[in-house]
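Data first, discussion second: the structure below is written as structure tokens.
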Amino acid sequence: FRCKNSWKQDGNYAGAAHNSPTFLPWHREYLHRFEAMLQDVSGDPDLALPYWDWTDPQSTKAVFAADFMGGSGDPEQNYAVTDGAFRKDNWTISIQDPPTVLADVTPPQDFIVRNFGSYFDAGIALPTKRQVKDSLDVHKYDHKPYDANSPDARSFRNTLEGWRDATPGECDEGWINVSQESGSPHVLHNAVHIYVGGLWAGDDGTTTMGTMAYNTSPNDPVFFLHHANVDRIWAAWELEQGQHYRPQAG
């Protein structure tokens with residue numbers, strides 16, 4: 001999310017890990033390294049990350065079961081997750097977003113926060129099979145301007161990443177800031193982050209959000225199951241379209 005890790009074009013900042021052509025390969029490499037570390041610490045070379053198919057209610061039920069990732073948070077405890085292996089008091093978060101990106105936002109907690117489906121007054125739902133199918137039908141991997149404003153009908157990457165009607169990315173005190181126009185839908189990858197974490201107005205009017213909605217969203221281990229599914233969809237696209245992401249240079 002640092003501006004120095006981005007590339008600037010026509011006054012618009014495109015990130016290394018998001019809103020750019022590198023969104024999918026960056027996360028594929030991230031998953032690969034994380035999986036390798038799990039294999040190392042477990043001593044099991046066959047250990048593999050599972051994926052969460054967010055279009056399947058049974059998959060969602062299994063992921064958020066009390067004996068796996070735990071469910072939504074307890075509103076009486078600031079929406080802290082209180083069941084599962086990563087419940088409050090059993091899992092402490094030590095790395096958080098820097099203060100410069102938390103203006104008008106409630107500071108993150110040191111425990112996992114989830115408020116399923118909360119998105120202010122509108123609410124938000126998990127992606128559908130139809131949305132996934134539509135993304136697989138997009139023939140080109142990416143399209144100008146190669147950022148959050150790439151047309152979703154022509155950019156598979158941006159269709160899957162989930163930006164719609166985005167504003168040009170800006171550099172704010174060294175950090176990339178990308179937003180969407182009012183009323184624009186958050187879909188697919190982006191929608192899942194918001195669905196799991198939630199965004200809502202706090203008692204003092206500041207925006208409050210769950211762990212999966214911050215830049216440090218990997219603090220919630222569900223992040224890795226989510227992105228394993230994103231990567232699975234990319235792999236399916238590569239097979240269906242018979243092409244791969246090959247930069248011309250660099």
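In the structure tokens, chains take the letters A, B, ... in the order shown, each chain's residues start at 1, and ligands count up from 1 in the order shown.
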
Quick one: residues within 7 Å of Trp200 (chain A), only C-alpha atoms, excluding same-chain residues fewer than 3 positions away - as a ChimeraX atom specification?
/A:118-120,207-209

With only C-alpha atoms as the counted atoms, please give the residues lying no more than 9 Å from Gly70 (chain A), apart from itself and same-chain residues fewer than 2 positions off, as a list in words.
Val63, Phe64, Ala65, Ala66, Asp67, Phe68, Ser72, Gly73, Val81, Thr82, Asp83, Gly84, Ala85, Phe86 and Arg87 of chain A

For those residues, write C-alpha atoms to a file as a compact mmCIF listing (two decimals), in the first residue's frame.
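Full text of selection.txt as output:
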# COMPACT_ATOMS: atom_id res chain seq x y z
CA VAL A 63 -15.21 -22.32 7.14
CA PHE A 64 -16.93 -20.37 9.90
CA ALA A 65 -17.74 -23.37 12.08
CA ALA A 66 -16.91 -23.13 15.78
CA ASP A 67 -14.22 -25.81 15.40
CA PHE A 68 -12.46 -24.03 12.51
CA SER A 72 -19.22 -13.54 13.32
CA GLY A 73 -18.27 -11.42 16.32
CA VAL A 81 -14.69 -13.40 17.45
CA THR A 82 -15.26 -15.61 20.50
CA ASP A 83 -15.14 -19.13 19.03
CA GLY A 84 -12.76 -21.08 16.83
CA ALA A 85 -8.99 -21.39 17.09
CA PHE A 86 -8.45 -17.65 16.57
CA ARG A 87 -10.93 -16.40 19.15

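Relative to CA of Asn215 (chain A), CA of Ser184 (chain A) is found at 20.3 Å.
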
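Between Leu188 (chain A) and the residues A:Gln77, A:Thr106, A:Trp54, A:Asp231, the shortest atom-to-atom distance, using only C-alpha atoms, involves A:Trp54.
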
Tell me which protein, DNA and RNA residues are within 12 Å of Gly162 (chain A), counting only C-alpha atoms, leaving out same-chain ones fewer than 4 positions away, and put them as a ChimeraX atom specification.
/A:18-20,23,126-127,131-132,135,147-153,155-158,166,179-180,184-194,230

Take the residues that were just selected and, keeping C-alpha atoms, output them as a PDB file, in the first residue's frame.
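The resulting again14.pdb:
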ATOM      1  CA  HIS A  18      -4.002  -4.190  -5.675  1.00  0.00           C
ATOM      2  CA  ASN A  19      -5.712  -2.229  -8.480  1.00  0.00           C
ATOM      3  CA  SER A  20      -3.071  -3.203 -11.030  1.00  0.00           C
ATOM      4  CA  PHE A  23      -3.000  -8.151  -8.168  1.00  0.00           C
ATOM      5  CA  LEU A 126     -21.226 -12.725  -0.748  1.00  0.00           C
ATOM      6  CA  PRO A 127     -20.529 -13.164  -4.483  1.00  0.00           C
ATOM      7  CA  GLN A 131     -20.713 -13.234 -10.948  1.00  0.00           C
ATOM      8  CA  VAL A 132     -17.901 -15.787 -11.010  1.00  0.00           C
ATOM      9  CA  SER A 135     -15.655 -12.995 -14.716  1.00  0.00           C
ATOM     10  CA  ASP A 147      -5.758   0.028 -12.480  1.00  0.00           C
ATOM     11  CA  ALA A 148      -9.000   0.205 -10.489  1.00  0.00           C
ATOM     12  CA  ASN A 149     -10.635   1.991 -13.434  1.00  0.00           C
ATOM     13  CA  SER A 150     -10.073  -0.786 -15.980  1.00  0.00           C
ATOM     14  CA  PRO A 151     -13.439  -1.679 -17.596  1.00  0.00           C
ATOM     15  CA  ASP A 152     -14.765  -4.838 -15.969  1.00  0.00           C
ATOM     16  CA  ALA A 153     -16.133  -6.202 -19.255  1.00  0.00           C
ATOM     17  CA  SER A 155     -10.378  -6.741 -17.741  1.00  0.00           C
ATOM     18  CA  PHE A 156     -10.637 -10.154 -16.095  1.00  0.00           C
ATOM     19  CA  ARG A 157      -8.287  -8.961 -13.340  1.00  0.00           C
ATOM     20  CA  ASN A 158     -10.405  -5.958 -12.407  1.00  0.00           C
ATOM     21  CA  ALA A 166     -13.325   3.793  -8.865  1.00  0.00           C
ATOM     22  CA  SER A 179     -12.028   4.694  -3.274  1.00  0.00           C
ATOM     23  CA  GLN A 180     -15.179   4.232  -5.302  1.00  0.00           C
ATOM     24  CA  SER A 184     -20.879   1.894  -6.701  1.00  0.00           C
ATOM     25  CA  PRO A 185     -21.133  -1.814  -5.841  1.00  0.00           C
ATOM     26  CA  HIS A 186     -18.359  -3.740  -4.155  1.00  0.00           C
ATOM     27  CA  VAL A 187     -18.246  -7.174  -5.781  1.00  0.00           C
ATOM     28  CA  LEU A 188     -16.316 -10.451  -5.876  1.00  0.00           C
ATOM     29  CA  HIS A 189     -12.901 -10.191  -4.124  1.00  0.00           C
ATOM     30  CA  ASN A 190     -13.528  -6.738  -2.637  1.00  0.00           C
ATOM     31  CA  ALA A 191     -17.019  -7.686  -1.461  1.00  0.00           C
ATOM     32  CA  VAL A 192     -15.745 -10.704   0.479  1.00  0.00           C
ATOM     33  CA  HIS A 193     -13.308  -8.566   2.471  1.00  0.00           C
ATOM     34  CA  ILE A 194     -16.139  -6.199   3.401  1.00  0.00           C
ATOM     35  CA  VAL A 230      -9.469 -16.053  -5.848  1.00  0.00           C
TER      36      VAL A 230
END

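Pairwise distance (CA of Tyr51 (chain A), CA of His226 (chain A)) equals 6.4 Å.
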
Have a look at A:Arg33, A:Arg154, A:Tyr195, A:Cys171 and name the one nearest to Asn5 (chain A); count only C-alpha atoms.
A:Cys171

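Going from CA of Ala201 (chain A) over to CA of Lys88 (chain A), you cover 22.4 Å.
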
Extract the full set of strand (DSSP E or B) residues from region 24-238 of chain A according to DSSP on the backbone, and format it as a PyMOL selection string.
chain A and resi 74+80+105+113+119+121+166+170-172+175-177+180+199-201+207-209

Go ahead and write the residues just picked, N, CA and C atoms, as a compact mmCIF listing (two decimals), in the first residue's frame.
# COMPACT_ATOMS: atom_id res chain seq x y z
N ASP A 74 -19.14 -10.98 18.49
CA ASP A 74 -20.13 -10.70 19.53
C ASP A 74 -20.30 -9.19 19.65
N ALA A 80 -15.95 -8.92 18.67
CA ALA A 80 -14.81 -9.83 18.77
C ALA A 80 -15.26 -11.25 18.44
N VAL A 105 -11.29 6.78 11.14
CA VAL A 105 -11.58 5.35 11.26
C VAL A 105 -11.26 4.90 12.68
N VAL A 113 -12.00 -9.02 14.60
CA VAL A 113 -13.34 -8.43 14.61
C VAL A 113 -14.06 -8.82 13.32
N TYR A 119 -22.60 -3.31 6.00
CA TYR A 119 -22.02 -2.26 5.15
C TYR A 119 -22.89 -1.02 5.28
N ASP A 121 -25.82 1.26 5.96
CA ASP A 121 -27.26 0.98 5.92
C ASP A 121 -27.65 0.00 4.82
N ALA A 166 -14.31 3.33 -9.84
CA ALA A 166 -13.32 3.79 -8.86
C ALA A 166 -12.83 5.19 -9.21
N GLU A 170 -4.77 8.04 -5.18
CA GLU A 170 -3.98 9.18 -4.74
C GLU A 170 -2.94 8.74 -3.72
N CYS A 171 -1.89 9.53 -3.60
CA CYS A 171 -0.86 9.27 -2.60
C CYS A 171 -1.13 10.18 -1.40
N ASP A 172 -1.46 9.59 -0.26
CA ASP A 172 -1.82 10.33 0.94
C ASP A 172 -0.82 10.02 2.04
N TRP A 175 0.94 6.80 1.46
CA TRP A 175 0.14 5.59 1.30
C TRP A 175 -0.88 5.78 0.19
N ILE A 176 -1.12 4.71 -0.59
CA ILE A 176 -2.10 4.78 -1.68
C ILE A 176 -3.51 4.78 -1.12
N ASN A 177 -4.33 5.66 -1.65
CA ASN A 177 -5.72 5.76 -1.23
C ASN A 177 -6.61 5.61 -2.47
N GLN A 180 -14.20 4.36 -4.24
CA GLN A 180 -15.18 4.23 -5.30
C GLN A 180 -16.19 5.36 -5.21
N LEU A 199 -18.37 -3.00 7.71
CA LEU A 199 -18.13 -1.57 7.91
C LEU A 199 -19.42 -0.96 8.43
N TRP A 200 -19.32 -0.19 9.50
CA TRP A 200 -20.51 0.42 10.07
C TRP A 200 -20.11 1.69 10.81
N ALA A 201 -21.10 2.52 11.09
CA ALA A 201 -20.85 3.79 11.77
C ALA A 201 -20.80 3.56 13.28
N THR A 207 -16.07 5.74 11.17
CA THR A 207 -16.25 4.45 10.52
C THR A 207 -15.58 3.37 11.35
N THR A 208 -16.31 2.31 11.61
CA THR A 208 -15.79 1.15 12.32
C THR A 208 -15.76 -0.02 11.36
N MET A 209 -14.72 -0.82 11.43
CA MET A 209 -14.62 -1.94 10.50
C MET A 209 -14.01 -3.16 11.16

Using only C-alpha atoms, can you tell me which of A:Ala213, A:Leu31, A:Ile233, A:Val101 comes closest to Leu160 (chain A)?
A:Ile233

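Shortest separation to Pro221 (chain A) among A:Leu239, A:Ala103, A:Ile112, A:Ile124 occurs at residue A:Ile112, atoms counted being only C-alpha atoms.
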
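Counting only C-alpha atoms, the residue from A:Thr211, A:Thr100, A:Thr92, A:Thr159 that sits nearest to Phe116 (chain A) is A:Thr211.
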
Which residues are close to Ala16 (chain A), i.e. within 9 Å by only C-alpha atoms, leaving aside same-chain residues fewer than 4 positions away? Reply as a ChimeraX atom specification.
/A:1-2,5-7,20-23,26

Selection to disk with C-alpha atoms, as a PDB file, in the first residue's frame:
ATOM      1  CA  PHE A   1       0.000   0.000   0.000  1.00  0.00           C
ATOM      2  CA  ARG A   2       3.015   2.326   0.105  1.00  0.00           C
ATOM      3  CA  ASN A   5       5.781   0.389  -4.064  1.00  0.00           C
ATOM      4  CA  SER A   6       3.307   1.595  -6.681  1.00  0.00           C
ATOM      5  CA  TRP A   7       3.563   2.895 -10.213  1.00  0.00           C
ATOM      6  CA  SER A  20      -3.071  -3.203 -11.030  1.00  0.00           C
ATOM      7  CA  PRO A  21      -2.174  -6.173 -13.288  1.00  0.00           C
ATOM      8  CA  THR A  22      -0.016  -7.610 -10.498  1.00  0.00           C
ATOM      9  CA  PHE A  23      -3.000  -8.151  -8.168  1.00  0.00           C
ATOM     10  CA  TRP A  26       1.321 -10.938  -6.229  1.00  0.00           C
TER      11      TRP A  26
END
